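Peer 1: Hey, dropping start-v8.cif in here, mmCIF, C-alpha atoms:
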data_work
loop_
_atom_site.label_atom_id
_atom_site.label_comp_id
_atom_site.auth_asym_id
_atom_site.auth_seq_id
_atom_site.Cartn_x
_atom_site.Cartn_y
_atom_site.Cartn_z
CA MET A 1 46.05 135.87 155.93
CA THR A 2 49.15 133.81 156.76
CA ARG A 3 50.58 131.49 154.15
CA ARG A 4 53.77 129.46 153.69
CA ILE A 5 55.85 129.93 150.54
CA ARG A 6 58.05 127.20 149.08
CA ARG A 7 61.23 129.08 148.33
CA TYR A 8 63.96 126.45 148.79
CA GLY A 9 62.85 123.64 146.47
CA GLY A 10 66.10 123.93 144.54
CA LEU A 11 68.21 123.86 147.71
CA ALA A 12 66.36 120.78 148.93
CA ALA A 13 67.12 118.99 145.67
CA ALA A 14 70.77 120.05 145.87
CA ALA A 15 71.03 118.81 149.45
CA VAL A 16 69.57 115.42 148.54
CA LEU A 17 71.86 115.14 145.52
CA LEU A 18 75.01 116.01 147.50
CA VAL A 19 74.17 113.66 150.35
CA ALA A 20 73.34 110.83 147.92
CA ALA A 21 76.58 111.41 146.02
CA GLY A 22 78.56 111.48 149.26
CA VAL A 23 77.04 108.22 150.47
CA ALA A 24 77.51 106.52 147.12
CA SER A 25 81.10 107.61 146.76
CA GLY A 26 81.98 107.52 150.43
CA THR A 27 83.23 111.15 150.24
CA PRO A 28 82.79 113.07 153.52
CA THR A 29 83.27 116.39 151.73
CA LEU A 30 80.13 115.89 149.69
CA LEU A 31 78.21 114.94 152.81
CA LEU A 32 79.33 118.16 154.55
CA ALA A 33 78.52 120.21 151.44
CA GLY A 34 74.97 118.89 151.55
CA VAL A 35 74.55 120.15 155.11
CA VAL A 36 74.65 123.85 154.05
CA PRO A 37 71.58 123.87 151.75
CA LEU A 38 69.88 121.44 154.09
CA ALA A 39 70.23 123.95 156.94
CA PHE A 40 68.42 126.61 154.89
CA VAL A 41 65.67 124.17 154.00
CA VAL A 42 65.15 123.09 157.61
CA HIS A 43 65.25 126.67 158.91
CA GLY A 44 62.65 127.74 156.37
CA ALA A 45 60.43 124.79 157.18
CA LEU A 46 60.56 125.44 160.92
CA SER A 47 60.16 129.28 160.71
CA THR A 48 56.99 130.71 162.20
CA LEU A 49 55.39 134.13 162.11
CA ASP A 50 52.78 135.48 164.44
CA PRO A 51 49.77 137.00 162.62
CA LEU A 52 49.94 140.81 162.27
CA ASP A 53 46.54 141.35 163.92
CA ASP A 54 47.10 144.40 166.15
CA ARG A 55 50.89 144.28 166.14
CA VAL A 56 51.17 147.29 163.80
CA ARG A 57 49.61 150.73 164.33
CA ILE A 58 48.97 152.75 161.17
CA GLU A 59 48.52 156.54 161.22
CA ARG A 60 47.93 158.93 158.32
CA GLU A 61 48.42 162.69 158.37
CA LEU A 62 47.54 165.24 155.67
CA ARG A 63 48.96 168.72 155.20
CA PRO A 64 46.82 170.69 154.57
CA GLU A 65 43.72 168.81 155.68
CA ALA A 66 41.38 170.89 153.49
CA PRO A 67 43.46 171.72 150.40
CA LEU A 68 42.52 174.20 147.74
CA PRO A 69 42.12 172.98 144.15
CA GLY A 70 45.55 172.34 142.69
CA GLN A 71 47.33 172.72 146.01
CA PRO A 72 49.83 169.93 146.79
CA VAL A 73 48.72 167.62 149.60
CA GLU A 74 51.54 166.01 151.58
CA VAL A 75 50.55 162.62 152.98
CA THR A 76 52.55 161.03 155.80
CA LEU A 77 51.86 157.37 156.59
CA THR A 78 53.50 155.98 159.72
CA ALA A 79 53.63 152.28 160.67
CA THR A 80 54.68 151.47 164.25
CA ASN A 81 55.48 148.04 165.69
CA VAL A 82 53.45 147.93 168.88
CA GLY A 83 53.97 144.17 169.40
CA ALA A 84 56.35 142.41 171.76
CA SER A 85 58.57 140.88 169.06
CA ALA A 86 60.49 142.21 166.06
CA LEU A 87 59.13 142.29 162.52
CA PRO A 88 62.09 141.29 160.33
CA ASP A 89 60.45 142.37 157.07
CA LEU A 90 57.39 144.63 157.02
CA ARG A 91 56.00 146.18 153.80
CA VAL A 92 53.32 148.89 153.96
CA ARG A 93 51.45 150.40 150.99
CA ASP A 94 48.94 153.20 151.40
CA GLY A 95 45.56 153.03 149.68
CA VAL A 96 45.87 156.13 147.49
CA PRO A 97 42.46 157.37 146.22
CA GLU A 98 41.71 155.76 142.87
CA GLU A 99 41.16 159.11 141.13
CA LEU A 100 44.58 160.48 142.11
CA SER A 101 48.18 159.66 141.33
CA VAL A 102 51.33 160.21 143.36
CA ARG A 103 53.14 163.34 142.14
CA ALA A 104 56.24 162.97 144.31
CA GLY A 105 57.62 160.56 146.91
CA ALA A 106 56.44 156.98 147.41
CA SER A 107 53.24 155.65 148.94
CA SER A 108 54.94 152.48 150.23
CA VAL A 109 57.71 151.69 152.67
CA GLY A 110 59.55 148.57 153.84
CA ALA A 111 61.67 148.07 156.95
CA ALA A 112 62.68 145.74 159.77
CA LEU A 113 61.10 147.03 162.96
CA ARG A 114 61.96 146.27 166.54
CA PRO A 115 59.23 146.75 169.15
CA GLY A 116 58.40 150.46 169.36
CA GLU A 117 60.12 151.42 166.09
CA SER A 118 58.35 153.13 163.19
CA ALA A 119 58.67 153.41 159.42
CA THR A 120 57.28 156.37 157.47
CA ALA A 121 56.19 156.86 153.87
CA THR A 122 55.79 160.44 152.62
CA TYR A 123 54.31 161.36 149.27
CA THR A 124 52.49 164.22 147.54
CA LEU A 125 49.12 164.32 145.79
CA THR A 126 47.54 167.07 143.71
CA ALA A 127 43.77 167.04 143.49
CA ASN A 128 41.04 168.72 141.52
CA ARG A 129 37.96 169.93 143.41
CA GLY A 130 35.92 167.14 144.99
CA ARG A 131 36.02 164.63 147.84
CA TYR A 132 38.58 161.81 147.88
CA ALA A 133 38.60 158.76 150.16
CA PHE A 134 41.65 156.66 150.97
CA ARG A 135 41.45 152.92 150.55
CA PRO A 136 42.64 150.52 153.32
CA VAL A 137 46.38 150.25 153.89
CA ARG A 138 47.95 146.97 152.75
CA LEU A 139 50.38 145.28 155.17
CA ARG A 140 52.73 142.40 154.37
CA ALA A 141 55.08 140.83 156.92
CA SER A 142 57.44 137.93 156.33
CA THR A 143 60.12 135.95 158.16
CA VAL A 144 63.83 136.46 157.53
CA THR A 145 63.84 133.54 155.10
CA GLY A 146 60.68 134.76 153.40
CA THR A 147 59.04 131.34 153.69
CA VAL A 148 56.15 132.55 155.87
CA VAL A 149 54.12 135.62 154.86
CA ASP A 150 51.21 137.32 156.57
CA GLU A 151 49.12 139.82 154.60
CA THR A 152 46.26 142.00 155.75
CA THR A 153 44.57 145.36 155.22
CA ARG A 154 44.01 147.98 157.87
CA GLU A 155 42.20 151.30 158.09
CA ALA A 156 44.64 154.02 159.11
CA ALA A 157 44.03 156.19 162.13
CA GLY A 158 43.76 159.90 161.39
CA ALA A 159 42.67 161.30 158.05
CA ASP A 160 40.78 158.86 155.84
CA GLU A 161 39.51 161.39 153.28
CA PHE A 162 39.87 165.00 152.22
CA GLU A 163 37.95 167.51 150.14
CA CYS A 164 39.15 170.18 147.73
CA ARG A 165 36.82 173.15 147.80
CA ILE A 166 36.72 176.62 146.32
CA ASP A 167 34.86 178.17 149.25
CA ALA A 168 36.75 181.30 150.26
CA ALA A 169 35.96 180.54 153.89
CA ASP A 170 38.55 177.77 153.63
CA VAL A 171 41.32 180.20 152.65
CA PRO A 172 43.32 181.30 155.72
CA LEU A 173 42.92 185.04 156.21
CA ARG A 174 46.60 185.43 157.00
CA ARG A 175 47.34 184.62 153.35
CA GLN A 176 45.31 187.64 152.28
CA SER A 177 46.01 190.26 154.88
CA THR A 178 49.54 191.15 153.77
CA ALA A 179 48.76 191.07 150.05
CA PHE A 180 45.76 193.39 149.87
CA SER A 181 44.97 196.48 151.89
CA GLY A 182 43.02 199.68 151.48
CA SER A 183 40.63 200.75 148.74
CA LEU A 184 41.14 200.83 145.00
CA ALA A 185 42.66 204.17 144.01
CA THR A 186 41.14 206.64 141.51
CA ASP A 187 42.84 209.17 139.28
CA THR A 188 41.23 212.14 141.01
CA GLY A 189 42.84 214.16 143.77
CA GLY A 190 41.49 214.45 147.27
CA VAL A 191 42.05 212.97 150.71
CA GLY A 192 44.14 209.81 150.70
CA VAL A 193 47.59 208.40 151.35
CA GLU A 194 49.26 208.35 147.91
CA PHE A 195 50.62 211.62 146.42
CA HIS A 196 48.62 212.82 143.38
CA ALA A 197 49.51 216.46 142.57
CA THR A 198 49.88 219.99 143.91
CA ARG A 199 47.67 222.99 143.17
CA ASP A 200 47.37 226.61 144.17
CA TYR A 201 46.20 227.23 147.70
CA ARG A 202 42.52 228.00 148.15
CA ALA A 203 40.99 229.53 151.24
CA GLY A 204 39.76 226.85 153.58
CA ASP A 205 42.30 224.19 152.58
CA PRO A 206 43.43 222.14 155.61
CA VAL A 207 46.65 223.41 157.17
CA ASN A 208 48.17 219.93 157.21
CA ARG A 209 47.92 219.74 153.40
CA ILE A 210 49.79 222.99 152.72
CA ASN A 211 53.18 222.45 151.08
CA TRP A 212 55.24 224.26 153.72
CA ARG A 213 58.55 223.23 152.12
CA ARG A 214 57.66 225.04 148.91
CA TYR A 215 56.40 228.02 150.90
CA ALA A 216 59.77 228.25 152.71
CA LYS A 217 61.62 228.27 149.38
CA THR A 218 59.36 230.45 147.22
CA GLY A 219 56.96 232.20 149.57
CA GLU A 220 54.03 230.80 147.55
CA LEU A 221 51.25 228.80 149.16
CA SER A 222 50.23 225.51 147.51
CA THR A 223 48.14 222.54 148.56
CA VAL A 224 49.08 218.89 148.25
CA GLU A 225 46.44 216.53 146.88
CA TYR A 226 46.56 212.78 147.39
CA ARG A 227 45.08 210.07 145.24
CA GLU A 228 41.53 209.74 146.41
CA GLN A 229 40.33 206.41 147.78
CA ARG A 230 36.81 205.42 146.83
CA ALA A 231 34.81 202.25 146.93
CA ALA A 232 34.98 200.80 143.44
CA ARG A 233 32.28 199.01 141.49
CA VAL A 234 33.78 195.71 140.36
CA ALA A 235 32.36 192.84 138.32
CA VAL A 236 34.21 189.56 138.79
CA LEU A 237 33.58 187.43 135.72
CA ILE A 238 34.34 183.68 135.40
CA ASP A 239 34.94 182.07 132.03
CA ALA A 240 33.13 178.73 132.54
CA ARG A 241 32.42 177.91 128.91
CA GLU A 242 32.97 174.32 127.75
CA PRO A 243 36.50 174.94 126.33
CA THR A 244 37.72 176.03 129.78
CA HIS A 245 37.05 172.64 131.38
CA VAL A 246 40.49 171.26 130.56
CA ALA A 247 43.47 170.41 132.75
CA GLY A 248 47.21 169.95 132.33
CA ALA A 249 46.90 166.38 133.65
CA ALA A 250 44.13 164.05 134.76
CA SER A 251 44.55 164.79 138.47
CA LEU A 252 45.02 168.56 138.13
CA PRO A 253 42.30 171.22 138.40
CA THR A 254 40.60 172.42 135.24
CA GLY A 255 40.89 175.96 133.99
CA ALA A 256 37.28 176.63 134.97
CA THR A 257 37.94 175.38 138.51
CA LEU A 258 40.96 177.62 138.93
CA CYS A 259 39.01 180.58 137.55
CA ALA A 260 36.14 179.92 139.97
CA TYR A 261 38.57 179.64 142.88
CA ALA A 262 40.28 182.91 141.88
CA ALA A 263 36.92 184.67 141.54
CA THR A 264 35.78 183.42 144.94
CA LEU A 265 38.87 184.75 146.67
CA ALA A 266 38.91 188.03 144.72
CA THR A 267 35.26 188.67 145.58
CA ARG A 268 35.81 188.13 149.26
CA VAL A 269 38.92 190.30 149.39
CA LEU A 270 37.31 193.19 147.52
CA ARG A 271 34.06 193.08 149.51
CA ASP A 272 36.01 192.99 152.76
CA ASP A 273 37.72 196.18 151.57
CA GLY A 274 34.33 197.86 151.13
CA HIS A 275 33.90 197.68 147.36
CA HIS A 276 30.67 196.99 145.51
CA VAL A 277 31.36 193.60 143.93
CA GLY A 278 29.16 191.39 141.75
CA VAL A 279 29.97 187.90 140.45
CA GLY A 280 29.05 186.42 137.10
CA ALA A 281 29.87 183.34 135.00
CA LEU A 282 29.80 182.76 131.27
CA GLY A 283 28.73 179.37 129.99
CA VAL A 284 26.51 178.30 132.90
CA ALA A 285 23.06 179.21 134.15
CA ASP A 286 22.46 180.61 137.60
CA PRO A 287 21.94 177.49 139.78
CA LEU A 288 19.40 179.29 141.98
CA THR A 289 17.33 181.13 139.36
CA ASP A 290 18.17 179.14 136.21
CA ARG A 291 18.72 182.42 134.38
CA ARG A 292 21.48 183.21 131.93
CA PRO A 293 23.94 184.65 132.36
CA ALA A 294 24.69 183.64 135.94
CA TRP A 295 25.01 186.96 137.74
CA VAL A 296 24.88 187.96 141.41
CA PRO A 297 24.62 191.76 141.83
CA PRO A 298 26.42 193.45 144.74
CA ASP A 299 23.17 194.14 146.62
CA ALA A 300 21.68 190.65 146.20
CA ASP A 301 20.05 188.99 149.19
CA ALA A 302 22.22 186.25 150.75
CA PHE A 303 25.07 187.36 148.49
CA ALA A 304 27.68 184.96 149.92
CA THR A 305 25.48 181.88 149.45
CA HIS A 306 24.36 182.89 145.99
CA ALA A 307 27.90 183.76 144.82
CA ALA A 308 29.26 180.46 146.17
CA ALA A 309 26.58 178.57 144.21
CA VAL A 310 27.52 180.38 140.98
CA CYS A 311 31.24 179.75 141.50
CA ASN A 312 30.65 176.07 142.19
CA ALA A 313 28.47 175.76 139.09
CA ALA A 314 31.20 177.42 137.04
CA ALA A 315 33.83 175.04 138.41
CA THR A 316 31.72 171.92 137.89
CA GLY A 317 30.57 172.47 134.32
CA THR A 318 28.57 169.85 132.49
CA GLY A 319 31.04 167.33 131.05
CA GLU A 320 34.29 165.48 131.55
CA SER A 321 37.49 167.49 131.48
CA VAL A 322 40.18 166.83 128.89
CA THR A 323 43.85 167.73 128.65
CA ALA A 324 44.84 171.15 127.41
CA THR A 325 46.22 169.83 124.14
CA ALA A 326 42.86 168.76 122.77
CA VAL A 327 41.15 172.15 122.59
CA ARG A 328 41.66 174.20 119.45
CA ALA A 329 40.96 177.84 118.81
CA ASP A 330 37.48 178.61 117.54
CA GLY A 331 36.02 181.65 115.97
CA GLY A 332 35.36 184.82 117.91
CA GLY A 333 31.96 186.43 118.24
CA VAL A 334 30.22 188.08 121.16
CA ASP A 335 28.64 185.64 123.59
CA PRO A 336 24.92 186.44 124.06
CA ASP A 337 25.38 185.93 127.81
CA LEU A 338 28.19 188.50 127.81
CA ARG A 339 26.10 190.98 125.82
CA ARG A 340 23.29 190.78 128.37
CA LEU A 341 25.68 191.02 131.28
CA LEU A 342 27.47 194.08 129.91
CA ALA A 343 24.15 195.78 129.27
CA GLY A 344 23.42 195.71 132.99
CA LEU A 345 26.81 196.92 134.27
CA PRO A 346 27.26 200.53 135.41
CA ALA A 347 29.44 202.59 133.07
CA ALA A 348 32.10 203.07 135.76
CA ALA A 349 32.30 199.40 136.73
CA GLN A 350 35.65 197.68 136.47
CA VAL A 351 35.90 194.05 135.39
CA ILE A 352 38.16 191.30 136.68
CA HIS A 353 37.89 188.54 134.10
CA CYS A 354 39.17 185.09 135.09
CA THR A 355 39.87 182.98 132.00
CA PRO A 356 42.46 180.34 131.00
CA ALA A 357 42.44 181.87 127.48
CA LEU A 358 42.09 178.54 125.70
CA ASP A 359 40.30 179.79 122.59
CA ASP A 360 39.84 182.95 120.54
CA ALA A 361 36.43 183.56 122.10
CA ALA A 362 38.27 184.50 125.31
CA VAL A 363 39.95 187.34 123.40
CA SER A 364 36.63 188.42 121.92
CA THR A 365 35.19 188.61 125.43
CA VAL A 366 37.92 190.98 126.61
CA GLU A 367 37.59 193.07 123.43
CA SER A 368 33.85 193.43 124.06
CA ILE A 369 34.38 194.43 127.69
CA ARG A 370 36.92 197.06 126.67
CA ALA A 371 34.66 198.30 123.85
CA HIS A 372 32.02 199.07 126.48
CA GLY A 373 34.54 201.31 128.27
CA HIS A 374 35.25 199.14 131.32
CA GLU A 375 38.70 199.02 132.84
CA THR A 376 39.64 195.34 132.61
CA THR A 377 42.03 193.09 134.45
CA VAL A 378 42.51 189.53 133.18
CA LEU A 379 43.66 186.83 135.59
CA SER A 380 44.59 183.82 133.46
CA PRO A 381 45.54 180.46 135.04
CA SER A 382 47.85 178.33 132.93
CA VAL A 383 46.62 174.77 132.42
CA THR A 384 48.81 173.72 129.49
CA SER A 385 50.81 170.50 129.84
CA ASP A 386 54.55 169.96 129.46
CA SER A 387 54.19 167.76 126.38
CA VAL A 388 55.18 168.86 122.87
CA GLY A 389 51.54 169.52 122.03
CA GLY A 390 51.13 171.35 125.32
CA ARG A 391 54.04 173.67 124.54
CA VAL A 392 52.54 174.50 121.15
CA PHE A 393 49.22 175.19 122.86
CA ALA A 394 51.02 177.40 125.42
CA LEU A 395 52.43 179.52 122.58
CA GLU A 396 48.93 180.00 121.19
CA ARG A 397 47.68 180.98 124.63
CA ALA A 398 50.55 183.49 125.04
CA GLY A 399 49.51 185.07 121.75
CA ARG A 400 45.95 185.49 123.02
CA LEU A 401 47.18 187.15 126.21
CA ASP A 402 49.23 189.58 124.11
CA ARG A 403 46.13 190.42 122.09
CA MET A 404 44.28 191.15 125.33
CA ARG A 405 47.07 193.49 126.38
CA GLY A 406 46.82 195.10 122.97
CA VAL A 407 43.26 196.28 123.65
CA GLY A 408 44.26 197.84 126.96
CA ALA A 409 43.56 195.06 129.46
CA ALA A 410 45.95 194.45 132.33
CA VAL A 411 46.86 190.75 132.10
CA VAL A 412 48.24 188.58 134.90
CA ASP A 413 49.52 185.20 133.70
CA TRP A 414 49.07 182.86 136.67
CA ASP A 415 51.36 179.84 136.50
CA ARG A 416 50.13 176.90 138.56
CA GLU A 417 53.42 176.86 140.51
CA GLU A 418 52.60 180.33 141.87
CA GLU A 419 50.28 180.61 144.85
CA LEU A 420 46.99 182.26 143.99
CA PRO A 421 47.14 185.03 146.63
CA VAL A 422 50.38 186.23 145.03
CA ALA A 423 48.91 186.19 141.52
CA LEU A 424 45.71 187.80 142.76
CA ALA A 425 47.68 190.56 144.49
CA ARG A 426 49.34 191.34 141.15
CA ALA A 427 45.95 191.37 139.45
CA LEU A 428 44.41 193.78 141.96
CA ARG A 429 47.43 196.08 141.77
CA SER A 430 47.11 196.09 137.98
CA GLY A 431 43.49 197.21 138.09
CA GLY A 432 41.65 199.79 140.05
CA ARG A 433 42.46 202.88 137.98
CA ARG A 434 39.60 204.84 136.54
#
Reformat the file's structure so that it appears as C-alpha cells.
Peer 2:
Amino acid sequence: MTRRIRRYGGLAAAAVLLVAAGVASGTPTLLLAGVVPLAFVVHGALSTLDPLDDRVRIERELRPEAPLPGQPVEVTLTATNVGASALPDLRVRDGVPEELSVRAGASSVGAALRPGESATATYTLTANRGRYAFRPVRLRASTVTGTVVDETTREAAGADEFECRIDAADVPLRRQSTAFSGSLATDTGGVGVEFHATRDYRAGDPVNRINWRRYAKTGELSTVEYREQRAARVAVLIDAREPTHVAGAASLPTGATLCAYAATLATRVLRDDGHHVGVGALGVADPLTDRRPAWVPPDADAFATHAAAVCNAAATGTGESVTATAVRADGGGVDPDLRRLLAGLPAAAQVIHCTPALDDAAVSTVESIRAHGHETTVLSPSVTSDSVGGRVFALERAGRLDRMRGVGAAVVDWDREEELPVALARALRSGGRR
C-alpha cells in the first residue's frame, strides 16, 4: 500500500511567512530565505515511488533446519533489490513465530539498495519442542524525503517453518561416534582391551596374554587379564512428573523435554553398542497401552516406535510449563510407579535416571533405586533461570544433586550451554561398573 505523508507542513508555513515578510518589507534577503524551505516542500510534493510489488526478493535460511529442543536456531533473512531502480530507504522486518522471542541479533534491517544489492538480518531463536511457523515479512520503502511510503508483506522464499523434535533419528550420527564406543566395562577379568590385573599362569592360557616382561625379569610365568566387556542391562528412566515441566524462560525447553531428549539419545547409543536397554517414564502412562508406569522392555516388539511414543509423552506432559522459580520442594516418598518398575528390573540392571532434580521426590527416587542395589547414573539438565529467585532455586537443586552423590549415584550436572552429546558421554563414562 502506497501512501503520501505530510512531513513539511512547518517548512511550508515558514516559506509562506518569509516570502510574505519579504514582499511586505521589500527585503530581497527574506525572499531568498523563503526559497530554501520552499524547495524542500516542492521536492517532497513532487517525489514519487514505484510500488514494491516484485522489486524485492526475500529469502530465509535456518541453521539447523531441524533443531533439537533448546538448540539455538540461527535465522538469516536476506532482502535483494531485483528492480531496475534504487531503493533509497528500505526497511525489512521478519515475521518471527509468535511463540518465540529473539535471543540474539535483530530480526529487522534497513538500508539503501542499488539494483542487485542485498541487506541481511541475522538473529538467533531458541525453541522448545514443537512446530513453529514464520509470519509474512513486512517491507517498508520510502523516498529520500520520506514523503512517500510503500508498505507490503511478503512470504519469504526458503524455510517458512521448523520443528523441534526429540527423535534420535534427527541427531547426526557424527555427533555420537567420537563420544561413545565399545561396550560397558565390568569389574571382572577376561578378554578385553583395558588392563584389569595379573594372575599366576594356568595351563592353556593364551600365549599372547603371558606377561613376558615379568618372565624375563623373574623367570615366573603370569597371565595378564583385561577388563571384560559384556553387554549390560540398562534401564533409562525419565522423570516426567508434573514438577519437571518447568523451564528457565518461556521459550526454552522444559526439564521434562530435556530429560526425554537425553533418554532418547542414550537409548539409541547404548542399543547400537549391543546393550539390553529398556525405557521408562515416571509421571505418565504408556501412550500405547495406557499402563503405569510407562515402560518399554528391551525385547518389546517395535521397540523404537514404542520408546519414541513414551519419550514424547514424557516431554509433552499434561499442563502448561512454568518458570523454574515457581516450583518448591515437596516431601519425599516412594512413587508407586517407581516401586512397580523396580520390582520388574533384573538385579544386575543399571539405571540411567534423567531428572532436573526440581523437588525432593527426585532424591527419593534415586535413593530407592540405590536401595534396590542398582548402579545408578543421574543425568540432570539445569533449567533454573538467572534471576535472584532462580539462583536460590539453583542452590537448592545443587543440594539435591549432592544428596544423590551421597547415596552412591554418579551425577552429571548438564548445563544448558553444554551440548548434550558431551554431557551424555560423561554420564556413560560415569556408569557401567558392576
Peer 1: Taking the file above as input, evaluate the PyMOL selection byres ((chain A and resi 274-276) around 7) and report the hits as a PyMOL selection string.
Peer 2: chain A and resi 231-234+270-273+277-278+298
Peer 1: Tell me which protein, DNA and RNA residues are within 7 Å of Pro287 of chain A, counting all atoms listed in the file, leaving out same-chain ones fewer than 2 positions away, and put them as a list in words.
Peer 2: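 Answer for this query is Ala285, Thr289, Asp290, Ala309, Val310 and Ala313 of chain A.
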Peer 1: So which one's closest to Ser385 of chain A, A:Asn211, A:Asn128, A:Ser368, A:Thr254? Using all atoms listed in the file, please.
Peer 2: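 Going through A:Asn211, A:Asn128, A:Ser368, A:Thr254 one by one, the smallest distance to Ser385 of chain A is for A:Thr254.
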Peer 1: What's the 12 Å shell around Trp212 of chain A, counting all atoms listed in the file, without same-chain residues fewer than 5 positions away, as a ChimeraX atom specification?
Peer 2: /A:198,201,207,217-224
Peer 1: Just want the 10 Å neighbourhood of Pro115 of chain A, counted on all atoms listed in the file, with same-chain residues fewer than 2 positions away dropped. Output as JSON, numbers by chain.
Peer 2: {"A": [55, 56, 80, 81, 82, 83, 84, 85, 86, 87, 113, 117, 118]}
